[in-house]
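Enquirer: For reference, the file input-v4.txt (compact mmCIF, C-alpha atoms) is included below:
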```
# COMPACT_ATOMS: atom_id res chain seq x y z
CA MET B 1 -0.23 18.13 19.86
CA SER B 2 -0.54 16.24 23.13
CA SER B 3 -4.36 16.24 22.94
CA GLN B 4 -4.06 14.91 19.39
CA ARG B 5 -1.71 12.23 20.66
CA GLN B 6 -4.14 11.36 23.46
CA LEU B 7 -7.03 11.12 21.03
CA PHE B 8 -4.94 8.97 18.70
CA GLN B 9 -3.94 6.65 21.51
CA GLN B 10 -7.59 6.29 22.53
CA LEU B 11 -8.59 5.53 18.93
CA PHE B 12 -5.76 3.04 18.65
CA ASP B 13 -6.71 1.26 21.89
CA GLU B 14 -10.38 1.09 20.93
CA ASN B 15 -9.99 0.04 17.30
CA SER B 16 -6.63 -1.63 16.67
CA LYS B 17 -7.82 -5.14 17.48
CA LYS B 18 -10.83 -4.93 15.16
CA VAL B 19 -8.79 -3.33 12.39
CA TYR B 20 -6.23 -6.10 12.78
CA HIS B 21 -8.95 -8.74 12.51
CA LEU B 22 -10.26 -7.06 9.36
CA CYS B 23 -6.77 -6.99 7.82
CA TYR B 24 -6.05 -10.57 8.91
CA GLY B 25 -9.35 -11.78 7.48
CA TYR B 26 -8.60 -9.95 4.23
CA THR B 27 -4.99 -11.07 3.76
CA GLY B 28 -4.99 -14.36 5.68
CA ASP B 29 -1.47 -13.56 6.85
CA SER B 30 -0.54 -12.06 10.23
CA ASP B 31 2.56 -10.21 8.96
CA SER B 32 0.63 -8.51 6.17
CA ALA B 33 -2.21 -7.83 8.63
CA ASN B 34 0.19 -6.09 11.00
CA ASP B 35 1.63 -4.07 8.11
CA LEU B 36 -1.81 -3.04 6.87
CA MET B 37 -2.92 -2.18 10.41
CA GLN B 38 0.14 0.02 10.86
CA GLU B 39 -0.49 1.68 7.51
CA THR B 40 -4.13 2.29 8.45
CA PHE B 41 -3.24 4.00 11.72
CA ILE B 42 -0.50 6.06 10.08
CA LYS B 43 -3.16 7.34 7.67
CA VAL B 44 -5.52 7.93 10.61
CA TRP B 45 -2.85 10.03 12.32
CA GLN B 46 -2.08 11.97 9.13
CA ASN B 47 -5.75 12.78 8.59
CA LEU B 48 -6.91 13.24 12.18
CA ASP B 49 -7.37 16.99 11.79
CA ARG B 50 -9.57 16.39 8.74
CA PHE B 51 -12.13 14.30 10.60
CA ARG B 52 -15.44 16.14 10.15
CA ASN B 53 -17.72 14.38 12.64
CA GLU B 54 -19.90 13.26 9.72
CA SER B 55 -19.67 9.70 11.02
CA GLN B 56 -18.32 7.90 14.05
CA PHE B 57 -14.59 7.69 14.47
CA SER B 58 -14.76 3.89 14.21
CA THR B 59 -16.62 4.08 10.86
CA TRP B 60 -14.05 6.54 9.57
CA ILE B 61 -11.17 4.27 10.68
CA TYR B 62 -12.84 1.21 9.17
CA ARG B 63 -13.25 3.04 5.85
CA ILE B 64 -9.54 3.86 5.83
CA ALA B 65 -8.73 0.25 6.78
CA VAL B 66 -10.90 -1.18 3.99
CA ASN B 67 -9.37 1.11 1.36
CA THR B 68 -5.90 0.29 2.67
CA CYS B 69 -6.70 -3.40 2.30
CA LEU B 70 -7.98 -2.79 -1.24
CA SER B 71 -4.79 -0.98 -2.19
CA TYR B 72 -2.85 -4.02 -0.92
CA LEU B 73 -3.51 -5.37 -4.43
CA ARG B 74 -1.57 -2.49 -5.87
CA THR B 75 1.67 -3.59 -4.28
CA VAL B 76 1.33 -7.32 -3.71
CA LYS B 77 0.59 -9.90 -6.34
CA ARG B 78 -2.57 -11.73 -5.34
CA ARG B 79 -1.72 -15.09 -3.86
CA THR B 80 -3.73 -18.19 -4.52
CA THR B 81 -6.05 -19.53 -1.85
CA ASP B 82 -3.73 -22.50 -1.35
CA GLU B 83 -0.79 -20.21 -0.60
CA LEU B 84 -2.96 -18.24 1.84
CA ASN B 85 -4.06 -21.39 3.59
CA ASP B 86 -0.45 -22.55 4.00
CA THR B 87 0.43 -19.22 5.61
CA ILE B 88 -2.58 -19.39 7.94
CA ILE B 89 -1.63 -22.88 9.06
CA GLU B 90 2.03 -21.85 9.54
CA ASN B 91 0.90 -18.98 11.78
CA TYR B 92 -0.79 -21.40 14.12
CA THR B 93 1.72 -24.19 14.28
CA GLU B 94 3.78 -22.85 17.19
CA GLU B 95 1.43 -24.01 19.97
CA PRO B 96 -1.17 -26.18 18.31
CA SER B 97 -4.26 -26.71 20.39
CA GLU B 98 -7.73 -27.76 19.36
CA LYS B 99 -9.02 -24.21 19.66
CA GLN B 100 -6.14 -22.76 17.67
CA GLU B 101 -6.68 -25.33 14.97
CA GLN B 102 -10.33 -24.34 14.83
CA ILE B 103 -9.41 -20.68 14.54
CA ALA B 104 -6.88 -21.49 11.82
CA LEU B 105 -9.65 -23.37 10.05
CA LEU B 106 -11.92 -20.35 10.43
CA TYR B 107 -9.34 -18.03 8.83
CA LYS B 108 -8.82 -20.62 6.11
CA SER B 109 -12.57 -20.62 5.49
CA ILE B 110 -12.70 -16.80 5.44
CA SER B 111 -9.88 -16.77 2.87
CA GLN B 112 -12.10 -18.85 0.59
CA LEU B 113 -14.70 -16.07 0.46
CA ASP B 114 -14.68 -13.17 -2.02
CA GLU B 115 -12.80 -10.05 -0.92
CA ASN B 116 -15.88 -7.97 -0.05
CA GLU B 117 -17.36 -10.94 1.81
CA ARG B 118 -14.17 -11.21 3.90
CA ILE B 119 -14.42 -7.53 4.81
CA ILE B 120 -18.10 -7.72 5.70
CA ILE B 121 -17.93 -10.97 7.66
CA THR B 122 -14.97 -9.91 9.82
CA MET B 123 -16.99 -6.85 10.86
CA VAL B 124 -20.06 -9.01 11.53
CA LEU B 125 -17.97 -11.43 13.61
CA ASP B 126 -16.63 -8.47 15.59
CA GLU B 127 -20.25 -7.35 16.18
CA VAL B 128 -19.95 -4.02 14.37
CA PRO B 129 -23.50 -2.57 14.04
CA TYR B 130 -25.09 -3.13 10.63
CA PRO B 131 -25.61 0.58 9.79
CA GLU B 132 -21.88 1.10 10.39
CA ILE B 133 -20.91 -1.84 8.17
CA ALA B 134 -23.25 -0.53 5.44
CA GLU B 135 -21.60 2.90 5.64
CA VAL B 136 -18.10 1.43 5.53
CA ALA B 137 -18.92 -0.86 2.58
CA GLY B 138 -20.79 1.93 0.76
CA ILE B 139 -23.96 -0.11 0.25
CA SER B 140 -27.54 0.24 1.52
CA GLU B 141 -28.52 -1.45 4.78
CA GLY B 142 -31.12 -3.54 2.97
CA ASN B 143 -28.56 -4.78 0.48
CA LEU B 144 -26.13 -5.43 3.33
CA ARG B 145 -28.63 -7.59 5.25
CA VAL B 146 -29.16 -9.76 2.20
CA LYS B 147 -25.41 -10.06 1.71
CA ILE B 148 -24.77 -10.88 5.39
CA HIS B 149 -27.40 -13.60 5.35
CA ARG B 150 -25.76 -15.15 2.31
CA ILE B 151 -22.19 -14.79 3.61
CA LYS B 152 -23.06 -16.30 7.02
CA HIS B 153 -24.55 -19.30 5.29
CA LYS B 154 -21.60 -19.61 2.90
CA LEU B 155 -19.00 -19.32 5.68
CA THR B 156 -20.77 -21.88 7.86
CA GLU B 157 -20.88 -24.31 4.95
CA ILE B 158 -17.22 -23.78 4.03
CA TYR B 159 -16.15 -24.08 7.68
CA ASN B 160 -18.07 -27.31 8.24
CA SER B 161 -16.84 -28.85 5.01
CA ASN B 162 -13.24 -27.91 5.91
CA GLU B 163 -13.77 -29.39 9.37
CA ARG B 164 -15.03 -32.64 7.90
CA LEU B 165 -11.92 -32.84 5.72
CA MET J 1 -21.25 -29.36 12.56
CA LYS J 2 -21.11 -25.80 13.82
CA GLY J 3 -23.69 -23.06 13.42
CA PHE J 4 -22.78 -19.44 12.74
CA ASP J 5 -23.21 -18.49 16.42
CA GLU J 6 -20.59 -21.07 17.43
CA ILE J 7 -18.26 -19.79 14.72
CA GLN J 8 -18.74 -16.27 16.08
CA GLN J 9 -17.91 -17.44 19.62
CA LEU J 10 -14.80 -19.11 18.28
CA TRP J 11 -13.81 -15.85 16.55
CA GLN J 12 -14.30 -13.79 19.65
CA GLY J 13 -12.13 -16.14 21.71
CA GLN J 14 -9.25 -16.05 19.25
CA LYS J 15 -5.71 -15.42 20.41
CA PRO J 16 -4.04 -13.67 17.43
CA GLU J 17 -3.60 -10.07 18.45
CA PRO J 18 -1.79 -7.28 16.66
CA ASN J 19 1.84 -7.24 17.69
CA VAL J 20 2.24 -3.57 16.88
CA SER J 21 2.16 -1.07 19.72
CA PHE J 22 0.96 2.52 19.72
CA GLU J 23 4.57 3.73 20.15
CA THR J 24 5.68 1.72 17.09
CA ILE J 25 3.00 3.42 15.01
CA LEU J 26 4.10 6.87 16.19
CA LYS J 27 7.71 6.02 15.36
CA ARG J 28 6.65 4.83 11.90
CA VAL J 29 4.65 8.06 11.36
CA LYS J 30 7.81 10.02 12.04
CA SER J 31 10.13 7.80 10.00
CA ASP J 32 7.67 7.59 7.08
CA ARG J 33 7.44 11.34 6.90
CA THR J 34 11.22 11.59 7.08
CA ALA J 35 11.75 8.84 4.50
CA LEU J 36 9.42 10.46 1.97
CA SER J 37 10.86 13.92 2.59
CA ARG J 38 14.36 12.48 2.23
CA LYS J 39 13.45 10.71 -1.01
CA LEU J 40 11.88 13.86 -2.44
CA PHE J 41 14.79 15.94 -1.19
CA TRP J 42 17.43 13.76 -2.89
CA GLN J 43 15.38 13.56 -6.10
CA SER J 44 15.12 17.36 -6.09
CA VAL J 45 18.86 17.64 -5.42
CA ALA J 46 19.64 15.25 -8.29
CA VAL J 47 17.35 17.16 -10.68
CA GLY J 48 18.78 20.47 -9.46
CA VAL J 49 22.37 19.29 -10.02
CA VAL J 50 21.59 18.07 -13.55
CA VAL J 51 19.75 21.29 -14.46
CA LEU J 52 22.50 23.48 -12.98
CA THR J 53 25.21 21.43 -14.73
CA ALA J 54 23.36 21.81 -18.03
CA LEU J 55 23.03 25.55 -17.46
CA TRP J 56 26.70 25.80 -16.50
CA ILE J 57 27.74 23.90 -19.62
CA GLY J 58 25.51 26.17 -21.70
CA ILE J 59 27.15 29.29 -20.23
CA ALA J 60 30.75 28.17 -19.73
CA VAL J 61 31.31 26.29 -22.97
CA ASP J 62 31.27 28.29 -26.13
CA PHE J 63 29.44 26.02 -28.54
CA SER J 64 29.70 26.88 -32.17
CA THR J 65 26.13 25.98 -33.18
CA TRP J 66 22.79 27.01 -31.70
CA THR J 67 21.56 23.41 -32.06
CA THR J 68 23.65 22.33 -29.03
CA TYR J 69 21.90 24.95 -26.85
CA LEU J 70 18.59 23.63 -28.09
CA ALA J 71 19.74 20.06 -27.23
CA LEU J 72 20.58 21.16 -23.68
CA ALA J 73 17.22 22.90 -23.34
CA ILE J 74 15.40 19.73 -24.51
CA LEU J 75 17.26 17.58 -21.95
CA VAL J 76 16.49 20.00 -19.11
CA GLY J 77 12.84 20.11 -20.20
CA CYS J 78 12.60 16.29 -20.19
CA ILE J 79 14.11 15.99 -16.71
CA GLY J 80 11.87 18.78 -15.36
CA TYR J 81 8.77 17.19 -16.85
CA TYR J 82 9.63 13.77 -15.39
CA PHE J 83 10.31 15.22 -11.96
CA ALA J 84 7.08 17.29 -11.94
CA ASN J 85 5.13 14.14 -12.79
CA GLN J 86 6.76 12.12 -10.01
CA LEU J 87 6.03 14.89 -7.51
CA ASN J 88 2.43 15.11 -8.65
CA ASP J 89 1.95 11.35 -8.24
CA TYR J 90 3.41 11.39 -4.73
CA LYS J 91 0.95 14.11 -3.77
CA ASP J 92 -1.93 12.34 -5.47
CA ILE J 93 -1.45 8.96 -3.79
CA ARG J 94 -1.28 10.63 -0.38
CA ARG J 95 -4.42 12.74 -0.82
CA SER J 96 -6.89 11.87 1.91
CA SER J 97 -10.04 12.48 -0.15
CA HIS J 98 -9.40 9.24 -2.07
CA LEU J 99 -8.70 7.34 1.10
CA LEU J 100 -12.09 8.16 2.58
CA ALA J 101 -14.08 7.41 -0.55
CA LYS J 102 -16.53 4.51 -0.81
CA PRO J 103 -14.70 1.26 -1.67
CA GLN J 104 -16.23 1.29 -5.19
CA ASP J 105 -14.98 4.85 -5.79
CA TYR J 106 -11.62 4.05 -4.27
CA ILE J 107 -11.23 1.09 -6.64
CA ASN J 108 -12.09 3.42 -9.56
CA TYR J 109 -9.43 5.82 -8.34
CA LEU J 110 -6.83 3.02 -7.99
CA ARG J 111 -7.64 1.78 -11.49
CA ALA J 112 -7.34 5.27 -13.00
CA PHE J 113 -4.11 5.90 -11.09
CA GLN J 114 -2.54 2.64 -12.28
CA GLN J 115 -3.58 3.31 -15.89
CA LYS J 116 -2.12 6.80 -15.69
CA ARG J 117 1.18 5.42 -14.33
CA TYR J 118 1.21 2.80 -17.07
CA ARG J 119 0.67 5.45 -19.75
CA PHE J 120 3.37 7.59 -18.20
CA ASN J 121 5.86 4.71 -18.05
CA THR J 122 5.20 3.48 -21.57
CA ARG J 123 3.65 5.95 -24.03
CA THR J 124 5.18 9.04 -22.46
CA TYR J 125 8.51 7.24 -22.39
CA THR J 126 8.38 7.00 -26.19
CA THR J 127 7.97 10.79 -26.40
CA TYR J 128 10.83 11.12 -23.92
CA GLU J 129 12.94 8.77 -26.05
CA ILE J 130 12.22 10.86 -29.16
CA CYS J 131 13.18 14.06 -27.32
CA VAL J 132 16.47 12.58 -26.08
CA ALA J 133 17.23 11.23 -29.56
CA ALA J 134 16.51 14.69 -31.01
CA ALA J 135 18.83 16.26 -28.40
CA PHE J 136 21.61 13.85 -29.33
CA ALA J 137 21.05 14.51 -33.04
CA LEU J 138 21.21 18.27 -32.47
CA TYR J 139 24.41 17.88 -30.46
CA GLY J 140 25.70 15.63 -33.25
CA ILE J 141 25.64 18.64 -35.61
CA GLU J 142 28.23 20.36 -33.39
CA MET J 143 30.29 17.16 -33.13
CA TYR J 144 30.26 16.82 -36.92
CA PHE J 145 32.24 20.05 -37.22
CA ILE J 146 34.66 19.21 -34.36
CA LEU J 147 35.48 15.50 -34.57
CA PRO J 148 37.36 13.69 -37.32
CA LEU J 149 34.88 12.12 -39.72
CA LEU J 150 35.72 8.51 -38.78
CA THR J 151 35.42 9.13 -35.03
CA PHE J 152 32.16 10.97 -35.59
CA ALA J 153 30.79 8.11 -37.70
CA GLY J 154 31.84 5.56 -35.04
CA ILE J 155 30.15 7.44 -32.19
CA PHE J 156 27.11 8.12 -34.37
CA ILE J 157 26.69 4.41 -35.13
CA LEU J 158 27.18 3.41 -31.47
CA VAL J 159 24.56 5.93 -30.29
CA ILE J 160 22.08 4.75 -32.91
CA LEU J 161 22.71 1.12 -31.92
CA TRP J 162 22.18 1.97 -28.25
CA PHE J 163 18.88 3.71 -29.03
CA LEU J 164 17.73 0.76 -31.14
CA ILE J 165 18.62 -1.74 -28.38
CA CYS J 166 16.82 0.41 -25.78
CA HIS J 167 13.74 0.73 -27.97
CA PHE J 168 13.44 -2.75 -29.44
CA VAL J 169 14.79 -4.88 -26.59
CA PHE J 170 14.59 -3.20 -23.18
CA MET J 171 11.51 -1.06 -23.81
CA LYS J 172 9.57 -3.87 -25.49
CA GLN J 173 10.33 -6.22 -22.57
CA TYR J 174 9.40 -3.55 -20.06
CA ILE J 175 6.13 -2.68 -21.82
CA LYS J 176 5.22 -6.37 -22.09
CA SER J 177 5.81 -7.09 -18.38
CA GLU J 178 4.12 -3.83 -17.31
CA HIS J 179 1.15 -4.61 -19.56
CA MET J 180 0.73 -8.07 -18.00
CA ARG J 181 1.08 -6.66 -14.48
CA ILE J 182 -1.41 -3.85 -15.05
CA GLU J 183 -3.91 -6.14 -16.79
CA GLU J 184 -3.87 -8.54 -13.85
CA MET J 185 -4.28 -5.69 -11.41
CA ILE J 186 -7.12 -4.08 -13.37
CA ASP J 187 -8.88 -7.46 -13.65
CA ASN J 188 -8.60 -7.91 -9.89
CA LEU J 189 -9.82 -4.38 -9.19
CA GLU J 190 -12.71 -4.86 -11.60
CA ARG J 191 -13.63 -8.16 -9.94
CA ILE J 192 -13.57 -6.61 -6.46
CA LYS J 193 -15.51 -3.54 -7.63
CA ASN J 194 -18.27 -5.82 -8.95
CA GLN J 195 -18.44 -7.50 -5.53
CA PHE J 196 -19.33 -4.18 -3.89
CA GLU J 197 -22.15 -3.38 -6.33
```
Would you mind writing the structure in this file as structure tokens?

Expert:
Amino acid sequence: MSSQRQLFQQLFDENSKKVYHLCYGYTGDSDSANDLMQETFIKVWQNLDRFRNESQFSTWIYRIAVNTCLSYLRTVKRRTTDELNDTIIENYTEEPSEKQEQIALLYKSISQLDENERIIITMVLDEVPYPEIAEVAGISEGNLRVKIHRIKHKLTEIYNSNERL
Amino acid sequence: MKGFDEIQQLWQGQKPEPNVSFETILKRVKSDRTALSRKLFWQSVAVGVVVLTALWIGIAVDFSTWTTYLALAILVGCIGYYFANQLNDYKDIRRSSHLLAKPQDYINYLRAFQQKRYRFNTRTYTTYEICVAAAFALYGIEMYFILPLLTFAGIFILVILWFLICHFVFMKQYIKSEHMRIEEMIDNLERIKNQFE
């Protein structure tokens, strides 16, 4: 039990930030991101003894996180992009600084992407290796590279146009 | 104008961090398990009490017609069937094999699960409604021999009215809102599934 707890703590320390980023990028809302992150790690704990070493721990956790984000739809009515953007801006209004505004703008831009693009790009931004992203997303590496190229371009365009506005 | 590399640098220097600690997660693991067990426990207790009460009524009260015993058996069967389904769904949604599936397969699973729940809450409810109505009708045979004719007719009309209101007002509204909710969800799941292909 204590070794399981130790392993879990290690997994939490190593992956919680990235999982949070993924959830935040997907929902565009820090409260929901915290909820989804918690839910992900609860599922990780519940299934820890079923981990089969077929992939890395991080890939396994990411897969759980992505599916948890997808099931977010099951319980929460999808909000419009405008609603998401309002929430993102509210989350950053406590101590507004130029950098925080830019990050808020970045999350706003991510929320304008399709759901799978949000998932992929948050992993790319967190420098997750491509083979791992491909495994998590369940697509071939070749297909992923094409998608990443397109999403990077799309995000840069959206970000710059939002910045101009 | 920023390039993607600058955007990535911005991302990596971001402040928002999770405000959930490892200890909080462990506490939630414990409380979640307890909450679900408690919910299942109280549902089982409620079903157990109803079934035992029905059995006790069947044994203790000397009904004059066999149709009343059949009515009790139908009611117990309906409750048992509903509870077994609930239990099965709890188990199903918590199964880890779905959780670790590819996103496309997970979306398929979510879609099938939602459709199954919708069918259970709507079409199966109609069967359930018919069974309960049949149980009441069978019990009505016993009441016909016991109650004065006018009282029996009054209760009979009230029960029929209640069933009609449930079926044509409440159930129709429920099915309509559930249908809209499920359609929106399926559309969203379909749209996301297409993104992963």

Enquirer: Check every residue of chain J for an atom within 8 Å of chain B, counting only C-alpha atoms, and provide those that qualify as a PyMOL selection string.

Expert: chain J and resi 1-4+7-8+10-12+14-15+17-20+22+25-26+28-29+96+99-104+106-107+110+185+188-189+192+195-197

Enquirer: Let me make sure I understand: among J:Phe163, J:Val45, J:Gln9, J:Ala71, which one has the smallest atom-to-atom distance to Ala137 in chain J if we use only C-alpha atoms?

Expert: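 With only C-alpha atoms as the atom set, the closest residue is J:Ala71.
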
Enquirer: In Å, rounded to a single decimal, give me how far CA of Asn85 in chain J is from CA of Val47 in chain J.

Expert: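 It comes out at 12.8 Å.
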
Enquirer: Kindly give the distance, in Å, that separates CA of Ile141 in chain J and CA of Thr67 in chain J, rounded to a single decimal.

Expert: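 Pair CA of Ile141 in chain J / CA of Thr67 in chain J returns 7.2 Å.
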
Enquirer: What is the distance between CA of Lys172 in chain J and CA of Lys116 in chain J, in Å to one decimal?

Expert: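 Calculated distance between CA of Lys172 in chain J and CA of Lys116 in chain J is 18.6 Å.
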
Enquirer: May I have the residues within 12 Å of Phe120 in chain J as a VMD selection string, using only C-alpha atoms and disregarding those fewer than 5 positions away in the same chain?

Expert: chain J and resid 81 to 82 85 to 86 89 113 to 115 125 to 128 175 178

Enquirer: Which of these residues is nearest to Glu190 in chain J, using all atoms listed in the file: J:Val169, J:Val50, J:Leu149, J:Ala112?

Expert: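 Nearest candidate to Glu190 in chain J out of J:Val169, J:Val50, J:Leu149, J:Ala112: J:Ala112.
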
Enquirer: Given the choices J:Ser64, J:Gly77, J:Tyr69, J:Asp92, which gets closest to Val51 in chain J if the distance is worked out from all atoms listed in the file?

Expert: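 Nearest to Val51 in chain J: J:Gly77.
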
Enquirer: Taking 5 positions as the minimum chain separation for residues in the same chain, which residues sit within 9 Å of Phe83 in chain J when counting all atoms listed in the file? Answer as an MDAnalysis selection string.

Expert: chainID J and resid 43:44 47 78 88

Enquirer: Kindly indicate which residue among J:Asp5, J:Asn108, J:Ile79, J:Arg38 lies nearest to Lys193 in chain J, using only C-alpha atoms for the distances.

Expert: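 Distance minimum relative to Lys193 in chain J lands on J:Asn108.
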